[in-house]
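Chemist: Pasting model-v8.csv here (CSV, C-alpha atoms):
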chain,number,residue,atom,x,y,z
E,1310,THR,CA,-18.0,0.5,16.1
E,1311,LYS,CA,-18.9,1.9,12.8
E,1312,ALA,CA,-16.7,-0.5,10.9
E,1313,TYR,CA,-18.3,-3.4,12.6
E,1314,ARG,CA,-21.8,-2.1,11.8
E,1315,TYR,CA,-20.8,-1.7,8.1
E,1316,PHE,CA,-19.9,-5.3,7.8
E,1317,ALA,CA,-22.8,-6.6,10.0
E,1318,GLN,CA,-25.3,-4.6,7.9
E,1319,GLY,CA,-23.7,-6.0,4.7
E,1320,TYR,CA,-23.9,-9.5,5.9
E,1321,ARG,CA,-27.5,-9.1,7.0
E,1322,ALA,CA,-28.5,-7.7,3.6
E,1323,GLU,CA,-26.8,-10.5,1.9
E,1324,ARG,CA,-28.9,-13.1,3.7
E,1325,VAL,CA,-32.1,-12.2,1.9
E,1326,THR,CA,-30.6,-11.8,-1.6
E,1327,SER,CA,-31.0,-14.2,-4.4
E,1328,GLU,CA,-28.3,-16.3,-6.2
E,1329,LYS,CA,-27.6,-13.6,-8.7
E,1330,LEU,CA,-26.0,-11.4,-6.1
E,1331,CYS,CA,-23.7,-14.2,-4.9
E,1332,ARG,CA,-20.8,-12.3,-6.3
E,1333,ALA,CA,-21.6,-9.4,-4.0
E,1334,GLN,CA,-21.5,-11.8,-1.1
E,1335,HIS,CA,-18.0,-13.0,-2.2
E,1336,GLU,CA,-16.9,-9.4,-2.5
E,1337,LEU,CA,-18.1,-8.5,1.0
E,1338,HIS,CA,-16.4,-11.5,2.4
E,1339,PHE,CA,-13.2,-10.6,0.6
E,1340,GLN,CA,-13.4,-7.0,1.9
E,1341,ALA,CA,-13.9,-8.2,5.5
E,1342,ALA,CA,-10.9,-10.6,5.2
E,1343,THR,CA,-8.8,-7.9,3.7
E,1344,TYR,CA,-9.8,-5.4,6.4
E,1345,LEU,CA,-8.9,-8.1,9.1
E,1346,CYS,CA,-5.5,-8.6,7.4
E,1347,LEU,CA,-5.0,-4.8,7.5
E,1348,LEU,CA,-5.9,-4.5,11.2
E,1349,ARG,CA,-3.8,-7.6,12.2
E,1350,SER,CA,-0.7,-6.7,10.3
E,1351,ILE,CA,-0.8,-3.1,11.6
E,1352,ARG,CA,-1.0,-4.4,15.1
E,1353,GLU,CA,1.9,-6.8,14.5
E,1354,HIS,CA,3.9,-4.2,12.8
E,1355,VAL,CA,3.5,-1.7,15.6
E,1356,ALA,CA,4.4,-4.4,18.2
E,1357,LEU,CA,7.6,-5.3,16.3
E,1358,HIS,CA,8.4,-1.6,16.0
E,1359,GLN,CA,8.0,-1.0,19.7
E,1360,GLU,CA,10.0,-4.1,20.6
E,1361,PHE,CA,12.9,-3.7,18.2
E,1362,HIS,CA,13.0,-0.2,16.8
E,1363,GLY,CA,11.4,2.1,19.3
E,1364,LYS,CA,14.1,2.5,21.9
E,1365,GLY,CA,16.1,5.2,20.2
E,1366,GLU,CA,19.7,5.8,20.9
E,1367,ARG,CA,21.4,4.6,24.0
E,1368,SER,CA,22.9,7.1,26.4
E,1369,VAL,CA,26.6,7.3,26.8
E,1370,GLU,CA,26.3,5.5,30.1
E,1371,GLU,CA,24.4,2.6,28.5
E,1372,SER,CA,26.9,2.3,25.7
E,1373,ALA,CA,29.8,2.2,28.1
E,1374,GLY,CA,27.9,-0.4,30.1
E,1375,LEU,CA,27.6,-2.7,27.0
E,1376,VAL,CA,31.3,-3.2,26.9
E,1377,GLY,CA,31.8,-3.5,30.6
E,1378,LEU,CA,33.1,0.0,31.2
E,1379,LYS,CA,31.9,2.6,33.6
E,1380,LEU,CA,32.1,6.3,33.1
E,1381,PRO,CA,34.5,8.0,35.5
E,1382,GLN,CA,33.0,10.3,38.2
E,1383,GLN,CA,34.7,13.6,38.5
E,1384,PRO,CA,33.2,15.5,41.4
E,1385,GLY,CA,34.9,18.8,40.4
E,1386,GLY,CA,33.8,18.7,36.8
E,1387,LYS,CA,36.1,18.2,33.9
E,1388,GLY,CA,38.0,21.4,34.2
E,1389,TRP,CA,37.4,22.6,30.8
E,1390,GLU,CA,33.6,23.0,31.2
E,1391,PRO,CA,32.4,26.6,31.7
I,888,ARG,CA,2.3,14.1,17.7
I,889,LYS,CA,-0.2,13.7,20.5
I,890,ARG,CA,-3.8,12.8,20.0
I,891,PHE,CA,-5.5,16.1,20.2
I,892,TYR,CA,-9.1,15.1,19.6
I,893,GLN,CA,-11.7,13.2,21.6
I,894,ASN,CA,-14.3,12.2,19.1
I,895,VAL,CA,-14.1,11.1,15.4
I,896,SER,CA,-17.2,11.5,13.3
I,897,ILE,CA,-18.3,11.4,9.7
I,898,THR,CA,-20.5,13.9,8.0
I,899,GLN,CA,-21.7,14.1,4.4
I,900,GLY,CA,-20.8,17.3,2.5
I,901,GLU,CA,-21.1,18.4,-1.1
I,902,GLY,CA,-18.0,16.7,-2.3
I,903,GLY,CA,-18.5,13.5,-0.4
I,904,PHE,CA,-17.9,12.2,3.1
I,905,GLU,CA,-15.9,14.2,5.5
I,906,ILE,CA,-14.0,13.3,8.7
I,907,ASN,CA,-14.4,15.4,11.8
I,908,LEU,CA,-11.9,15.4,14.7
I,909,ASP,CA,-14.1,16.9,17.4
I,910,HIS,CA,-15.4,19.9,15.7
I,911,ARG,CA,-12.6,20.3,13.3
I,912,LYS,CA,-12.8,19.1,9.7
I,913,LEU,CA,-9.9,16.9,8.6
I,914,LYS,CA,-7.7,18.4,5.9
I,915,THR,CA,-5.1,17.0,3.5
I,916,PRO,CA,-1.4,17.9,3.8
I,917,GLN,CA,-2.0,20.5,1.1
I,918,ALA,CA,-4.8,21.9,3.2
I,919,LYS,CA,-7.7,20.8,1.0
I,920,LEU,CA,-10.9,19.6,2.6
I,921,PHE,CA,-10.6,15.8,3.2
I,922,THR,CA,-13.5,14.2,1.3
I,923,VAL,CA,-14.0,10.7,0.2
I,924,PRO,CA,-16.5,9.3,-2.3
I,925,SER,CA,-17.4,6.2,-0.4
I,926,GLU,CA,-19.0,6.0,3.0
I,927,ALA,CA,-17.4,2.6,3.7
I,928,LEU,CA,-14.0,4.2,3.0
I,929,ALA,CA,-14.9,7.1,5.3
I,930,ILE,CA,-15.7,4.7,8.0
I,931,ALA,CA,-12.4,2.9,7.6
I,932,VAL,CA,-10.5,6.2,7.7
I,933,ALA,CA,-12.4,7.4,10.8
I,934,THR,CA,-11.5,4.1,12.4
I,935,GLU,CA,-7.8,4.7,11.7
I,936,TRP,CA,-8.0,8.1,13.5
I,937,ASP,CA,-10.1,6.7,16.3
I,938,SER,CA,-7.6,3.9,16.9
I,939,GLN,CA,-4.8,6.2,17.7
I,940,GLN,CA,-4.0,6.4,21.4
I,941,ASP,CA,-1.6,8.8,23.1
I,942,THR,CA,0.5,9.5,20.0
I,943,ILE,CA,-0.7,9.5,16.4
I,944,LYS,CA,1.2,6.9,14.5
I,945,PHE,CA,0.9,8.3,11.0
I,946,TYR,CA,2.9,5.4,9.6
I,947,THR,CA,0.1,3.1,10.4
I,948,MET,CA,-2.6,5.1,8.8
I,949,HIS,CA,-2.4,3.8,5.3
I,950,LEU,CA,-6.0,4.5,4.1
I,951,THR,CA,-5.7,8.1,5.2
I,952,THR,CA,-2.4,8.4,3.3
I,953,LEU,CA,-4.0,6.9,0.2
I,954,CYS,CA,-6.9,9.3,0.4
I,955,ASN,CA,-4.5,12.2,0.8
I,956,THR,CA,-2.5,11.1,-2.2
I,957,SER,CA,-5.7,10.9,-4.3
I,958,LEU,CA,-6.9,14.3,-3.1
I,959,ASP,CA,-3.6,16.2,-3.4
I,960,ASN,CA,-2.0,14.2,-6.3
I,961,PRO,CA,1.4,15.3,-5.2
I,962,THR,CA,3.1,13.6,-8.2
I,963,GLN,CA,0.8,15.5,-10.5
I,964,ARG,CA,0.0,12.4,-12.6
I,965,ASN,CA,-3.1,12.0,-14.8
I,966,LYS,CA,-5.0,8.8,-15.3
I,967,ASP,CA,-3.1,7.9,-18.4
I,968,GLN,CA,0.3,8.3,-16.6
I,969,LEU,CA,-0.9,6.2,-13.7
I,970,ILE,CA,-2.0,3.4,-16.0
I,971,ARG,CA,1.2,3.4,-17.9
I,972,ALA,CA,3.2,3.4,-14.7
I,973,ALA,CA,1.3,0.3,-13.5
I,974,VAL,CA,1.6,-1.6,-16.9
I,975,LYS,CA,5.3,-0.7,-17.2
I,976,PHE,CA,5.8,-2.9,-14.1
I,977,LEU,CA,5.0,-5.9,-16.2
I,978,ASP,CA,8.4,-5.7,-17.8
I,979,THR,CA,10.0,-6.4,-14.4
I,980,ASP,CA,7.1,-8.3,-12.9
I,981,THR,CA,8.2,-10.4,-10.0
I,982,LEU,CA,6.3,-13.4,-11.3
I,983,CYS,CA,8.0,-13.2,-14.7
I,984,TYR,CA,11.6,-13.0,-13.4
I,985,ARG,CA,12.8,-16.5,-12.8
I,986,VAL,CA,16.1,-17.7,-11.3
I,987,GLU,CA,18.1,-20.5,-12.9
I,988,GLU,CA,19.3,-22.0,-9.6
I,989,PRO,CA,19.0,-23.5,-7.0
I,990,ALA,CA,16.8,-26.1,-8.5
I,991,THR,CA,14.5,-26.1,-5.5
I,992,LEU,CA,13.8,-22.4,-5.9
I,993,VAL,CA,13.3,-22.8,-9.6
I,994,GLU,CA,10.7,-25.5,-8.9
I,995,LEU,CA,9.0,-23.4,-6.2
I,996,GLN,CA,8.7,-20.4,-8.5
I,997,LYS,CA,7.3,-22.6,-11.2
I,998,ASN,CA,4.7,-24.3,-8.9
I,999,GLU,CA,3.6,-21.1,-7.2
I,1000,TRP,CA,3.8,-18.5,-9.9
I,1001,ASP,CA,2.9,-20.3,-13.1
I,1002,PRO,CA,-0.7,-20.9,-12.0
I,1003,ILE,CA,-1.2,-17.2,-11.4
I,1004,ILE,CA,0.3,-16.3,-14.7
I,1005,GLU,CA,-2.0,-18.8,-16.4
I,1006,TRP,CA,-5.0,-17.4,-14.5
I,1007,ALA,CA,-4.1,-13.9,-15.8
I,1008,GLU,CA,-3.6,-15.0,-19.3
I,1009,LYS,CA,-6.9,-16.8,-19.4
I,1010,ARG,CA,-8.8,-14.0,-17.6
I,1011,TYR,CA,-7.6,-11.3,-19.9
I,1012,ASP,CA,-7.0,-13.4,-23.0
I,1013,VAL,CA,-3.3,-12.2,-23.2
I,1014,GLU,CA,0.1,-13.7,-23.4
I,1015,ILE,CA,2.6,-13.2,-20.5
I,1016,ASN,CA,6.0,-14.7,-20.7
I,1017,SER,CA,8.4,-15.5,-17.9
I,1018,SER,CA,12.1,-15.3,-18.4
I,1019,THR,CA,15.4,-16.2,-16.7
I,1020,ASN,CA,17.6,-13.7,-18.4
I,1021,ILE,CA,18.5,-10.3,-17.0
I,1022,MET,CA,16.7,-8.5,-19.8
I,1023,GLY,CA,13.4,-9.8,-18.4
I,1024,PRO,CA,10.3,-11.1,-20.1
I,1025,SER,CA,9.2,-10.0,-23.5
I,1026,ILE,CA,5.6,-8.7,-23.2
I,1027,PRO,CA,3.7,-8.6,-26.4
I,1028,ALA,CA,2.3,-5.2,-27.4
I,1029,ARG,CA,-1.2,-6.6,-27.5
I,1030,THR,CA,-1.0,-7.7,-23.9
I,1031,ARG,CA,0.0,-4.2,-22.9
I,1032,GLU,CA,-2.9,-2.7,-24.8
I,1033,VAL,CA,-5.4,-5.1,-23.3
I,1034,LEU,CA,-4.3,-4.4,-19.8
I,1035,ILE,CA,-4.1,-0.6,-20.4
I,1036,SER,CA,-7.7,-0.6,-21.6
I,1037,HIS,CA,-8.8,-2.8,-18.6
I,1038,LEU,CA,-7.2,-0.4,-16.1
I,1039,ALA,CA,-8.8,2.5,-17.9
I,1040,SER,CA,-12.1,1.3,-16.6
I,1041,TYR,CA,-11.1,2.2,-13.1
I,1042,ASN,CA,-11.5,5.7,-11.7
I,1043,MET,CA,-8.7,8.0,-10.6
I,1044,TRP,CA,-8.8,7.1,-7.0
I,1045,ALA,CA,-8.9,3.4,-7.6
I,1046,LEU,CA,-5.9,3.8,-10.0
I,1047,GLN,CA,-3.9,5.5,-7.2
I,1048,GLY,CA,-4.6,2.4,-5.1
I,1049,ILE,CA,-3.7,0.0,-7.9
I,1050,GLU,CA,-0.4,1.8,-8.7
I,1051,PHE,CA,0.4,1.8,-5.0
I,1052,VAL,CA,-0.1,-2.0,-4.7
I,1053,VAL,CA,1.8,-2.7,-7.8
I,1054,THR,CA,4.8,-0.8,-6.4
I,1055,GLN,CA,4.6,-2.6,-3.0
I,1056,LEU,CA,4.3,-6.1,-4.5
I,1057,LYS,CA,6.6,-5.3,-7.5
I,1058,SER,CA,4.1,-7.2,-9.6
I,1059,LEU,CA,1.2,-6.1,-11.8
I,1060,VAL,CA,0.0,-9.7,-12.2
I,1061,LEU,CA,-0.3,-10.2,-8.4
I,1062,THR,CA,-2.2,-6.9,-8.2
I,1063,LEU,CA,-4.7,-7.9,-10.8
I,1064,ALA,CA,-5.2,-11.2,-8.9
I,1065,LEU,CA,-6.0,-9.2,-5.8
I,1066,MET,CA,-8.4,-6.9,-7.6
I,1067,ASP,CA,-10.2,-9.8,-9.1
I,1068,LEU,CA,-10.4,-11.6,-5.8
I,1069,ARG,CA,-8.3,-14.5,-7.1
I,1070,LEU,CA,-5.8,-14.2,-4.2
I,1071,THR,CA,-6.0,-13.0,-0.6
I,1072,VAL,CA,-3.7,-10.4,0.6
I,1073,GLU,CA,-1.7,-12.9,2.6
I,1074,GLN,CA,-1.3,-15.1,-0.5
I,1075,ALA,CA,-0.3,-12.3,-2.7
I,1076,VAL,CA,2.3,-11.0,-0.2
I,1077,LEU,CA,3.7,-14.5,0.2
I,1078,LEU,CA,4.0,-14.9,-3.6
I,1079,SER,CA,5.7,-11.5,-3.9
I,1080,ARG,CA,8.2,-12.5,-1.2
I,1081,LEU,CA,8.6,-16.1,-2.5
I,1082,GLU,CA,12.4,-15.9,-2.7
I,1083,GLU,CA,12.7,-14.3,0.7
I,1084,GLU,CA,10.5,-16.9,2.3
I,1085,TYR,CA,12.6,-19.6,0.6
I,1086,GLN,CA,15.8,-18.1,2.0
I,1087,ILE,CA,14.2,-17.7,5.5
I,1088,GLN,CA,13.2,-21.4,5.5
I,1089,LYS,CA,16.7,-22.3,4.6
I,1090,TRP,CA,18.7,-19.9,6.7
I,1091,GLY,CA,16.4,-18.9,9.5
I,1092,ASN,CA,14.1,-16.0,10.4
I,1093,ILE,CA,15.2,-12.7,11.8
I,1094,GLU,CA,12.2,-11.4,13.6
I,1095,TRP,CA,13.1,-7.7,13.7
I,1096,ALA,CA,13.8,-7.6,10.0
I,1097,HIS,CA,11.9,-10.3,8.2
I,1098,ASP,CA,8.7,-10.2,10.2
I,1099,TYR,CA,8.8,-6.4,10.4
I,1100,GLU,CA,9.0,-6.2,6.6
I,1101,LEU,CA,6.4,-8.9,6.2
I,1102,GLN,CA,3.8,-7.2,8.4
I,1103,GLU,CA,4.5,-3.8,6.8
I,1104,LEU,CA,4.0,-5.2,3.3
I,1105,ARG,CA,0.8,-6.9,4.4
I,1106,ALA,CA,-0.6,-3.8,6.0
I,1107,ARG,CA,0.2,-1.6,2.9
I,1108,THR,CA,-1.1,-4.2,0.4
I,1109,ALA,CA,-4.3,-4.8,2.5
I,1110,ALA,CA,-4.9,-1.1,2.7
I,1111,GLY,CA,-4.3,-0.6,-1.1
I,1112,THR,CA,-6.5,-3.5,-2.0
I,1113,LEU,CA,-9.3,-2.4,0.3
I,1114,PHE,CA,-8.9,1.2,-1.0
I,1115,VAL,CA,-9.4,0.1,-4.6
I,1116,HIS,CA,-12.4,-2.1,-3.8
I,1117,LEU,CA,-14.1,0.6,-1.8
I,1118,CYS,CA,-13.4,3.3,-4.5
I,1119,SER,CA,-14.7,1.2,-7.3
I,1120,GLU,CA,-17.8,-0.5,-5.8
I,1121,SER,CA,-21.3,0.5,-6.3
I,1122,THR,CA,-23.7,-1.1,-3.9
I,1123,THR,CA,-27.2,-0.9,-5.1
I,1124,VAL,CA,-29.9,-2.9,-3.5
I,1125,LYS,CA,-32.2,-4.2,-6.2
I,1126,HIS,CA,-35.5,-5.4,-4.9
I,1127,LYS,CA,-36.8,-8.6,-6.3
I,1128,LEU,CA,-40.1,-8.3,-8.0
I,1129,LEU,CA,-42.6,-10.6,-6.4
I,1130,GLN,CA,-44.0,-12.8,-9.1
I,1131,GLN,CA,-47.4,-14.3,-8.2
Could you render the structure as structure tokens?

Modeler:
Amino acid sequence: TKAYRYFAQGYRAERVTSEKLCRAQHELHFQAATYLCLLRSIREHVALHQEFHGKGERSVEESAGLVGLKLPQQPGGKGWEP
Amino acid sequence: RKRFYQNVSITQGEGGFEINLDHRKLKTPQAKLFTVPSEALAIAVATEWDSQQDTIKFYTMHLTTLCNTSLDNPTQRNKDQLIRAAVKFLDTDTLCYRVEEPATLVELQKNEWDPIIEWAEKRYDVEINSSTNIMGPSIPARTREVLISHLASYNMWALQGIEFVVTQLKSLVLTLALMDLRLTVEQAVLLSRLEEEYQIQKWGNIEWAHDYELQELRARTAAGTLFVHLCSESTTVKHKLLQQ
């Protein structure tokens, strides 16, 4: 991927530089670590979101089921429905 | 919203680097052309778009959001206002607000936060006080001036990022530490959430709340930090002169 190539290029360029550009090396490493943190935490966040927050509202049937009730069946409809 | 594009690519235009979704140029919420000044930043944004699968999860695309904020400037703030907003946080900086009890938390705050305050004081040659009372720390005027002038050396884009991180971490000092590579994102987030982490250790962790918040804060802080660095870097390759 492009992002990988950006860092790989950066690291390769760093290899032939002198001591004076040591700070740049440190910066690139920090950037890479920060980017990794970004990718990882987004992945975790999405996973947690799916697991705990993504299900949406329960249907009436499900809610009834939670407390051990079952919705009544009325084959003829409720009478007041159009 | 469903992913409506196959390929994501980057092109270089007059204003900077542009993102293309198939043949369409990406635009900001205010319909401006989406251009970024740094190629590295463009790559990272393109990666955000390319990582989306069936549905586009905008809430995960922090770098794109930061770029949009910089391009549209919806709060209509100028450089001066952004800087003042960031420095104002010092009055309520997390690292400066100490509890008086329990003793173990007081100790923890001292051990974890004091070194960073000392680092900032030394690095910027300023005085930053911590306080236990509800009025907060008293920050000397000189400290404010020095930090304002330091922040003024950043460009508008970088400042949007800085102000964003300060708001997330509730601390200017932690943000400065991140910008100066003194702390990693994970460390800064931990220090920002020191009291929460302390309570979690004591009372237990609730995955769907605590971890959720932790990961979100990490993601936003990482994005903001990366954004600032990519907007303020200038990589020039200087060739060494061969001396015979």

Chemist: Would you list which chain I residues are within 7 Å of chain E using all atoms listed in the file, as a short mmCIF file (atom, residue, chain, number, x, y, z; two decimals) with C-alpha atoms, in the coordinates of the input?

Modeler:
data_model
loop_
_atom_site.label_atom_id
_atom_site.label_comp_id
_atom_site.auth_asym_id
_atom_site.auth_seq_id
_atom_site.Cartn_x
_atom_site.Cartn_y
_atom_site.Cartn_z
CA ILE I 930 -15.70 4.70 8.00
CA ALA I 931 -12.40 2.90 7.60
CA THR I 947 0.10 3.10 10.40
CA VAL I 1072 -3.70 -10.40 0.60
CA TRP I 1095 13.10 -7.70 13.70
CA TYR I 1099 8.80 -6.40 10.40
CA GLN I 1102 3.80 -7.20 8.40
CA GLU I 1103 4.50 -3.80 6.80
CA ARG I 1105 0.80 -6.90 4.40
CA ALA I 1106 -0.60 -3.80 6.00
CA ALA I 1109 -4.30 -4.80 2.50
CA ALA I 1110 -4.90 -1.10 2.70
CA LEU I 1113 -9.30 -2.40 0.30
#

Chemist: Any idea what the distance is between atom CA of I:Thr1071 and atom CA of I:Thr1019?

Modeler: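 Those two atoms sit 27.0 Å apart.
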
Chemist: Excluding I:Ile1035 and its own-chain neighbours fewer than 2 positions away, which residues fall within 12 Å of it when counting all atoms listed in the file? Please give them as an MDAnalysis selection string.

Modeler: chainID I and resid 966:977 1011 1013 1028:1033 1037:1041 1046 1059

Chemist: With a distance cut-off of 10 Å and all atoms listed in the file, select the neighbouring residues of I:Arg911, excluding the residue or stretch itself and same-chain residues fewer than 5 positions from it, and output the selection as a PyMOL selection string.

Modeler: chain I and resi 892+895-896+906

Chemist: Distance atom CA of I:Lys997-atom CA of I:Glu1082, one decimal place?

Modeler: 12.0 Å

Chemist: To one decimal place in Å, what is the distance between atom CA of I:Leu1078 and atom CA of I:Leu1117?

Modeler: 23.9 Å

Chemist: Name the residues in contact with I:Thr1108 at a cut-off of 8 Å, using all atoms listed in the file, excluding same-chain residues fewer than 3 positions from it; report them as a list in words.

Modeler: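 What passes the distance filter is Val1052, Gln1055, Leu1056, Val1072, Val1076, Leu1104, Arg1105, Gly1111 and Thr1112 of chain I.
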
Chemist: Excluding I:Ala929 and its own-chain neighbours fewer than 5 positions away, which residues fall within 9 Å of it when counting all atoms listed in the file? Please give them as a PDB file with C-alpha atoms, in the frame of the given file.

Modeler:
ATOM      1  CA  ILE I 897     -18.300  11.400   9.700  1.00  0.00           C
ATOM      2  CA  PHE I 904     -17.900  12.200   3.100  1.00  0.00           C
ATOM      3  CA  GLU I 905     -15.900  14.200   5.500  1.00  0.00           C
ATOM      4  CA  ILE I 906     -14.000  13.300   8.700  1.00  0.00           C
ATOM      5  CA  THR I 922     -13.500  14.200   1.300  1.00  0.00           C
ATOM      6  CA  VAL I 923     -14.000  10.700   0.200  1.00  0.00           C
ATOM      7  CA  PRO I 924     -16.500   9.300  -2.300  1.00  0.00           C
ATOM      8  CA  THR I 934     -11.500   4.100  12.400  1.00  0.00           C
TER       9      THR I 934
END

Chemist: Rank nothing, just name the residue among I:Ser957, I:Gln1047, I:Gln1074, I:Gln996 nearest to I:Lys919, using all atoms listed in the file.

Modeler: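 Of all the options, I:Ser957 lies closest to I:Lys919.
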
Chemist: At a cut-off of 6 Å from (10.5, -9.3, -18.9) in the coordinates of the file, what residues are picked up using only C-alpha atoms, written as a PyMOL selection string?

Modeler: chain I and resi 978-979+1023-1025

Chemist: Let's have the selection written as a JSON list (two decimals), in the coordinates of the input, with C-alpha atoms.

Modeler:
[["chain", "number", "residue", "atom", "x", "y", "z"],
["I", 978, "ASP", "CA", 8.40, -5.70, -17.80],
["I", 979, "THR", "CA", 10.00, -6.40, -14.40],
["I", 1023, "GLY", "CA", 13.40, -9.80, -18.40],
["I", 1024, "PRO", "CA", 10.30, -11.10, -20.10],
["I", 1025, "SER", "CA", 9.20, -10.00, -23.50]]
